[in-house]
>>> print(open('upload-v1.tsv').read())   # TSV, C-alpha atoms
chain	number	residue	atom	x	y	z
A	1290	MET	CA	150.38	41.23	54.87
A	1291	ALA	CA	153.84	41.30	56.40
A	1292	GLY	CA	155.82	44.40	57.23
A	1293	HIS	CA	153.44	47.15	58.30
A	1294	SER	CA	150.76	44.93	59.83
A	1295	LYS	CA	153.27	42.67	61.57
A	1296	TRP	CA	155.07	45.72	62.92
A	1297	LYS	CA	151.78	46.82	64.50
A	1298	GLN	CA	151.32	43.36	66.05
A	1299	ILE	CA	154.86	43.33	67.41
A	1300	LYS	CA	154.41	46.79	68.92
A	1301	HIS	CA	151.25	45.48	70.59
A	1302	TYR	CA	153.28	42.73	72.25
A	1303	LYS	CA	156.10	45.08	73.25
A	1304	ALA	CA	153.64	47.80	74.39
A	1305	ALA	CA	156.49	50.29	74.83
A	1306	THR	CA	155.67	52.95	72.25
A	1307	ASP	CA	151.93	53.08	72.84
A	1308	ALA	CA	152.46	53.57	76.58
A	1309	LYS	CA	154.10	56.92	75.90
A	1310	ARG	CA	150.94	58.94	75.51
A	1311	GLY	CA	152.72	62.30	75.46
A	1312	ALA	CA	154.83	61.24	72.49
A	1313	LEU	CA	151.74	59.89	70.73
A	1314	PHE	CA	149.90	63.18	71.26
A	1315	THR	CA	152.85	65.06	69.75
A	1316	LYS	CA	152.58	63.01	66.57
A	1317	LEU	CA	148.79	63.33	66.40
A	1318	ILE	CA	148.94	67.10	66.90
A	1319	ARG	CA	151.44	67.45	64.08
A	1320	GLU	CA	149.23	65.43	61.74
A	1321	ILE	CA	146.20	67.57	62.58
A	1322	THR	CA	148.22	70.76	62.10
A	1323	ILE	CA	149.62	69.87	58.69
A	1324	ALA	CA	146.27	68.48	57.52
A	1325	ALA	CA	144.61	71.80	58.40
A	1326	LYS	CA	147.47	73.71	56.78
A	1327	GLN	CA	147.16	71.81	53.50
A	1328	GLY	CA	143.41	71.41	53.24
A	1329	GLY	CA	141.78	73.96	55.53
A	1330	GLY	CA	140.29	73.73	58.99
A	1331	ASP	CA	136.87	72.25	58.10
A	1332	PRO	CA	136.98	68.44	58.51
A	1333	ASN	CA	133.84	68.08	56.38
A	1334	GLY	CA	135.80	69.30	53.38
A	1335	ASN	CA	139.21	67.93	54.38
A	1336	ALA	CA	139.40	64.14	54.47
A	1337	ARG	CA	142.91	64.01	55.88
A	1338	LEU	CA	141.94	66.35	58.73
A	1339	ARG	CA	138.78	64.36	59.43
A	1340	THR	CA	140.78	61.14	59.76
A	1341	ALA	CA	143.39	62.84	61.95
A	1342	ILE	CA	140.71	64.17	64.30
A	1343	GLU	CA	139.03	60.75	64.49
A	1344	THR	CA	142.38	59.15	65.37
A	1345	ALA	CA	143.06	61.77	68.03
A	1346	ARG	CA	139.63	61.26	69.60
A	1347	ALA	CA	140.12	57.48	69.56
A	1348	ASN	CA	143.28	58.05	71.59
A	1349	SER	CA	141.45	60.28	74.10
A	1350	MET	CA	143.05	63.54	73.06
A	1351	PRO	CA	141.24	66.48	74.73
A	1352	LYS	CA	139.00	68.58	72.48
A	1353	GLU	CA	140.95	71.77	73.23
A	1354	ASN	CA	144.20	70.16	72.03
A	1355	ILE	CA	142.55	69.23	68.74
A	1356	GLU	CA	141.09	72.71	68.26
A	1357	ARG	CA	144.42	74.36	69.04
A	1358	ALA	CA	146.24	72.14	66.54
A	1359	ILE	CA	143.71	73.05	63.83
A	1360	LYS	CA	144.14	76.77	64.52
A	1361	LYS	CA	147.92	76.44	64.28
A	1362	GLY	CA	147.49	74.78	60.91
A	1363	THR	CA	145.15	77.47	59.57
A	1364	GLY	CA	147.35	80.26	60.92
A	1365	ASP	CA	144.86	81.47	63.54
A	1366	LEU	CA	147.46	80.62	66.19
A	1367	GLU	CA	151.22	80.87	65.88
A	1368	GLY	CA	152.96	77.53	65.51
A	1369	ALA	CA	155.79	75.65	63.85
A	1370	ASP	CA	155.77	75.26	60.06
A	1371	TYR	CA	155.70	71.49	59.51
A	1372	HIS	CA	156.50	69.72	56.26
A	1373	ASP	CA	155.89	66.18	55.04
A	1374	VAL	CA	159.22	64.42	54.39
A	1375	ILE	CA	159.94	60.84	53.33
A	1376	TYR	CA	163.24	59.10	54.07
A	1377	GLU	CA	164.30	55.72	52.71
A	1378	GLY	CA	166.97	53.18	53.51
A	1379	TYR	CA	167.84	49.65	54.58
A	1380	GLY	CA	167.81	47.96	57.96
A	1381	PRO	CA	169.49	44.78	59.24
A	1382	GLY	CA	168.96	41.76	57.02
A	1383	GLY	CA	168.53	43.91	53.91
A	1384	VAL	CA	165.02	45.02	54.91
A	1385	ALA	CA	163.76	48.12	53.07
A	1386	LEU	CA	162.54	50.99	55.27
A	1387	VAL	CA	160.30	53.94	54.37
A	1388	ILE	CA	160.06	56.62	57.05
A	1389	GLN	CA	157.43	59.37	57.08
A	1390	ALA	CA	158.22	62.48	59.10
A	1391	LEU	CA	156.48	65.76	59.86
A	1392	THR	CA	159.18	68.25	60.73
A	1393	ASP	CA	159.90	71.95	61.03
A	1394	ASN	CA	163.64	71.24	60.63
A	1395	PRO	CA	164.53	68.59	58.02
A	1396	THR	CA	168.25	69.01	58.73
A	1397	ARG	CA	167.71	67.97	62.33
A	1398	THR	CA	165.41	65.13	61.37
A	1399	VAL	CA	167.69	63.54	58.80
A	1400	ALA	CA	170.62	63.80	61.22
A	1401	ASP	CA	168.61	62.04	63.94
A	1402	ILE	CA	167.52	59.26	61.56
A	1403	ARG	CA	171.04	58.82	60.14
A	1404	HIS	CA	172.42	58.53	63.67
A	1405	LYS	CA	169.92	55.78	64.54
A	1406	MET	CA	170.63	53.99	61.27
A	1407	SER	CA	174.42	54.03	61.66
A	1408	ARG	CA	174.27	52.96	65.32
A	1409	LEU	CA	171.78	50.12	64.85
A	1410	GLY	CA	172.87	48.50	61.60
A	1411	GLY	CA	170.95	50.43	58.96
A	1412	ASN	CA	171.85	52.68	56.04
A	1413	LEU	CA	170.01	55.80	54.92
A	1414	GLY	CA	169.47	55.79	51.15
A	1415	ALA	CA	168.61	58.27	48.43
A	1416	GLN	CA	165.08	59.27	47.46
A	1417	ASN	CA	163.27	56.46	45.59
A	1418	SER	CA	165.95	53.95	46.57
A	1419	VAL	CA	163.40	51.58	48.13
A	1420	SER	CA	159.94	53.16	47.73
A	1421	TRP	CA	159.49	51.33	44.42
A	1422	MET	CA	159.28	48.12	46.47
A	1423	PHE	CA	155.99	49.30	48.04
A	1424	ASP	CA	152.46	50.14	46.90
A	1425	ARG	CA	150.56	53.06	48.40
A	1426	LYS	CA	147.29	51.79	49.87
A	1427	GLY	CA	144.61	52.73	52.38
A	1428	GLN	CA	144.10	50.30	55.23
A	1429	LEU	CA	141.33	49.69	57.78
A	1430	THR	CA	141.98	47.42	60.77
A	1431	ILE	CA	138.98	45.71	62.40
A	1432	ASP	CA	138.78	43.68	65.60
A	1433	ALA	CA	138.05	40.15	64.35
A	1434	THR	CA	136.62	39.09	67.72
A	1435	LYS	CA	133.74	41.57	67.39
A	1436	PHE	CA	132.57	41.05	63.79
A	1437	ASP	CA	131.66	37.97	61.78
A	1438	GLU	CA	134.24	37.23	59.10
A	1439	ASP	CA	131.91	36.33	56.22
A	1440	SER	CA	129.62	39.33	56.66
A	1441	THR	CA	132.56	41.70	57.15
A	1442	LEU	CA	134.25	40.35	54.03
A	1443	GLU	CA	131.05	40.79	52.02
A	1444	ALA	CA	130.57	44.34	53.32
A	1445	ALA	CA	134.17	45.29	52.52
A	1446	LEU	CA	134.07	43.95	48.97
A	1447	ASP	CA	130.65	45.52	48.33
A	1448	ALA	CA	132.10	48.84	49.51
A	1449	GLY	CA	134.87	48.64	46.91
A	1450	ALA	CA	137.82	47.34	48.94
A	1451	ASP	CA	140.78	45.93	47.02
A	1452	ASP	CA	141.54	43.16	49.49
A	1453	PHE	CA	140.38	41.59	52.75
A	1454	LYS	CA	142.33	39.19	54.91
A	1455	ARG	CA	142.52	37.98	58.49
A	1456	GLU	CA	145.76	38.24	60.45
A	1457	GLU	CA	145.42	36.66	63.89
A	1458	ASP	CA	142.71	38.62	65.75
A	1459	GLN	CA	142.34	41.37	63.15
A	1460	TYR	CA	140.80	41.86	59.71
A	1461	LEU	CA	142.78	44.03	57.31
A	1462	VAL	CA	140.76	45.83	54.66
A	1463	THR	CA	142.94	47.31	51.93
A	1464	THR	CA	141.81	50.02	49.51
A	1465	SER	CA	143.30	52.34	46.96
A	1466	PRO	CA	144.13	55.71	48.60
A	1467	GLY	CA	141.43	57.36	46.50
A	1468	ASP	CA	138.73	54.92	47.64
A	1469	PHE	CA	139.71	54.86	51.32
A	1470	HIS	CA	137.14	57.33	52.63
A	1471	SER	CA	134.23	55.94	50.59
A	1472	VAL	CA	134.99	52.39	51.76
A	1473	LYS	CA	135.38	53.58	55.35
A	1474	SER	CA	132.06	55.44	55.23
A	1475	ALA	CA	130.24	52.48	53.67
A	1476	LEU	CA	131.47	50.14	56.41
A	1477	GLU	CA	130.60	52.64	59.13
A	1478	THR	CA	127.01	52.80	57.88
A	1479	LYS	CA	126.83	49.03	58.52
A	1480	GLY	CA	127.96	49.50	62.11
A	1481	ILE	CA	131.53	48.33	61.61
A	1482	LYS	CA	134.09	50.09	63.79
A	1483	PHE	CA	137.83	50.26	63.29
A	1484	VAL	CA	140.83	49.66	65.50
A	1485	GLU	CA	142.81	51.86	63.13
A	1486	ALA	CA	142.07	53.74	59.91
A	1487	GLU	CA	145.04	54.78	57.78
A	1488	PRO	CA	144.45	56.67	54.52
A	1489	VAL	CA	147.97	55.86	53.31
A	1490	VAL	CA	150.20	52.92	54.17
A	1491	MET	CA	153.14	51.51	52.25
A	1492	VAL	CA	152.42	47.86	51.50
A	1493	PRO	CA	155.46	45.81	50.43
A	1494	LYS	CA	155.25	44.08	47.05
A	1495	SER	CA	157.40	41.26	48.46
A	1496	THR	CA	158.96	40.54	51.83
A	1497	VAL	CA	162.35	39.62	53.27
A	1498	LYS	CA	162.47	36.90	55.93
A	1499	VAL	CA	164.55	37.92	58.94
A	1500	GLU	CA	165.35	35.84	62.01
A	1501	GLY	CA	167.58	35.77	65.07
A	1502	LYS	CA	169.85	38.73	65.74
A	1503	ASN	CA	168.90	40.45	62.48
A	1504	ALA	CA	165.26	40.40	63.54
A	1505	GLU	CA	166.08	41.74	67.02
A	1506	HIS	CA	168.28	44.52	65.63
A	1507	LEU	CA	165.72	45.45	62.98
A	1508	LEU	CA	162.89	45.82	65.50
A	1509	LYS	CA	165.14	47.83	67.81
A	1510	LEU	CA	166.02	50.15	64.93
A	1511	MET	CA	162.39	50.60	63.86
A	1512	GLU	CA	161.28	51.22	67.43
A	1513	GLU	CA	163.93	53.87	68.07
A	1514	ILE	CA	163.27	55.63	64.77
A	1515	GLU	CA	159.53	55.70	65.39
A	1516	GLU	CA	160.11	57.15	68.87
A	1517	LEU	CA	161.70	60.26	67.35
A	1518	ASP	CA	159.32	63.20	67.74
A	1519	ASP	CA	159.56	64.10	64.05
A	1520	VAL	CA	158.74	60.59	62.79
A	1521	GLN	CA	155.12	59.63	62.17
A	1522	LYS	CA	155.35	56.18	60.57
A	1523	VAL	CA	157.92	53.54	59.69
A	1524	TRP	CA	157.11	50.95	57.03
A	1525	ALA	CA	159.22	47.91	56.15
A	1526	ASN	CA	159.14	44.82	53.95
A	1527	PHE	CA	160.16	42.29	56.58
A	1528	ASP	CA	158.55	38.98	57.49
A	1529	ILE	CA	159.12	37.95	61.10
A	1530	ASP	CA	157.46	35.21	63.13
A	1531	VAL	CA	155.34	37.29	65.49
A	1532	ALA	CA	154.87	34.42	67.95
A	1533	ASP	CA	158.63	34.04	68.37
A	1534	MET	CA	159.08	37.75	68.94
A	1535	ALA	CA	156.21	37.79	71.46
A	1536	ALA	CA	157.86	34.97	73.39
A	1537	SER	CA	161.17	36.86	73.56
A	1538	ALA	CA	159.64	40.29	74.34
>>> encode(input="upload-v1.tsv", output="structure tokens")
Amino acid sequence: MAGHSKWKQIKHYKAATDAKRGALFTKLIREITIAAKQGGGDPNGNARLRTAIETARANSMPKENIERAIKKGTGDLEGADYHDVIYEGYGPGGVALVIQALTDNPTRTVADIRHKMSRLGGNLGAQNSVSWMFDRKGQLTIDATKFDEDSTLEAALDAGADDFKREEDQYLVTTSPGDFHSVKSALETKGIKFVEAEPVVMVPKSTVKVEGKNAEHLLKLMEEIEELDDVQKVWANFDIDVADMAASA
């Protein structure tokens, strides 16, 4: 599955974004806050909040930070009023980009994204200009070195997953967004743990091969956009040789 999964692999090689723990915490706190705002502060009855809390704990966020973010979302503490916003456009090589942001100031956010796009060879598009090229899916990432492939495949399909595939040292389990939590729970009961659990990802229906300078410029653009405080995720429909990019990183 190119695009989103390869972007995660490339970021692993580059290691730049993940090293910035403070920036990561900012994004996680925003997700917890808006999840609590939209669905209430009880994770047992709010699947999005439950996943956000699990992700925060997996990244060693202190308990008090999580609790404070929940209270801001429920209105028990004063905080910024965040909104989910999706931006779309094209990057170098004609690659389609879908950008998810959580922002209290959409005017600022779109200006920041447009600046990155214009400076690094991309173009911001209108709503629905590229999102039709993607399918909304849930995705579970599993460390392939820790779990047998055949038994993990069988467990995933029995749980109702749409797809299972291996990419290098990871298994990718794909679900419909509506089945994500039931599949996740079923795998957890069998002792399977996840590197990452994402209730919604944008999976490209087809990919665009990019190489050379276009590939370098595209990854630079995606990295800089994702580093913006307001931006949560960047999805793309590129296909890049990860080994080549690792060698040049």
>>> residues_around(input="upload-v1.tsv", residues="Ile1514 (chain A)", least_positions_apart="3", cutoff="10 Å", atoms="all atoms listed in the file", output="VMD selection string")
chain A and resid 1388 1401 to 1406 1508 to 1511 1517 to 1523
>>> closest_residue(input="upload-v1.tsv", among="A:Asn1333, A:Glu1515, A:Ile1431, A:Arg1357", to="Leu1476 (chain A)", atoms="all atoms listed in the file")
A:Ile1431
>>> atom_distance(input="upload-v1.tsv", atom1="CA of Lys1361 (chain A)", atom2="CA of Asn1394 (chain A)")
17.0 Å
>>> closest_residue(input="upload-v1.tsv", among="A:Glu1456, A:Glu1377, A:Asp1437, A:Asp1468", to="Phe1423 (chain A)", atoms="all atoms listed in the file")
A:Glu1377
>>> residues_near_point(input="upload-v1.tsv", point="(152.1, 49.7, 41.2)", cutoff="12 Å", atoms="all atoms listed in the file", output="list in words")
Ser1420, Trp1421, Met1422, Phe1423, Asp1424, Arg1425, Lys1426, Ser1465, Met1491, Val1492, Pro1493 and Lys1494 of chain A
>>> residues_around(input="upload-v1.tsv", residues="Ala1486 (chain A)", least_positions_apart="3", cutoff="7 Å", atoms="all atoms listed in the file", output="ChimeraX atom specification")
/A:1428-1430,1483
>>> atom_distance(input="upload-v1.tsv", atom1="CA of Pro1466 (chain A)", atom2="CA of Ile1359 (chain A)")
23.1 Å
>>> closest_residue(input="upload-v1.tsv", among="A:Val1419, A:Val1497, A:Leu1409, A:Ala1504", to="Asp1528 (chain A)", atoms="only C-alpha atoms")
A:Val1497
>>> atom_distance(input="upload-v1.tsv", atom1="CA of Ala1324 (chain A)", atom2="CA of Asn1417 (chain A)")
24.0 Å
>>> residues_around(input="upload-v1.tsv", residues="Asp1452 (chain A)", least_positions_apart="6", cutoff="10 Å", atoms="all atoms listed in the file", output="ChimeraX atom specification")
/A:1428,1442,1445-1446,1461-1465
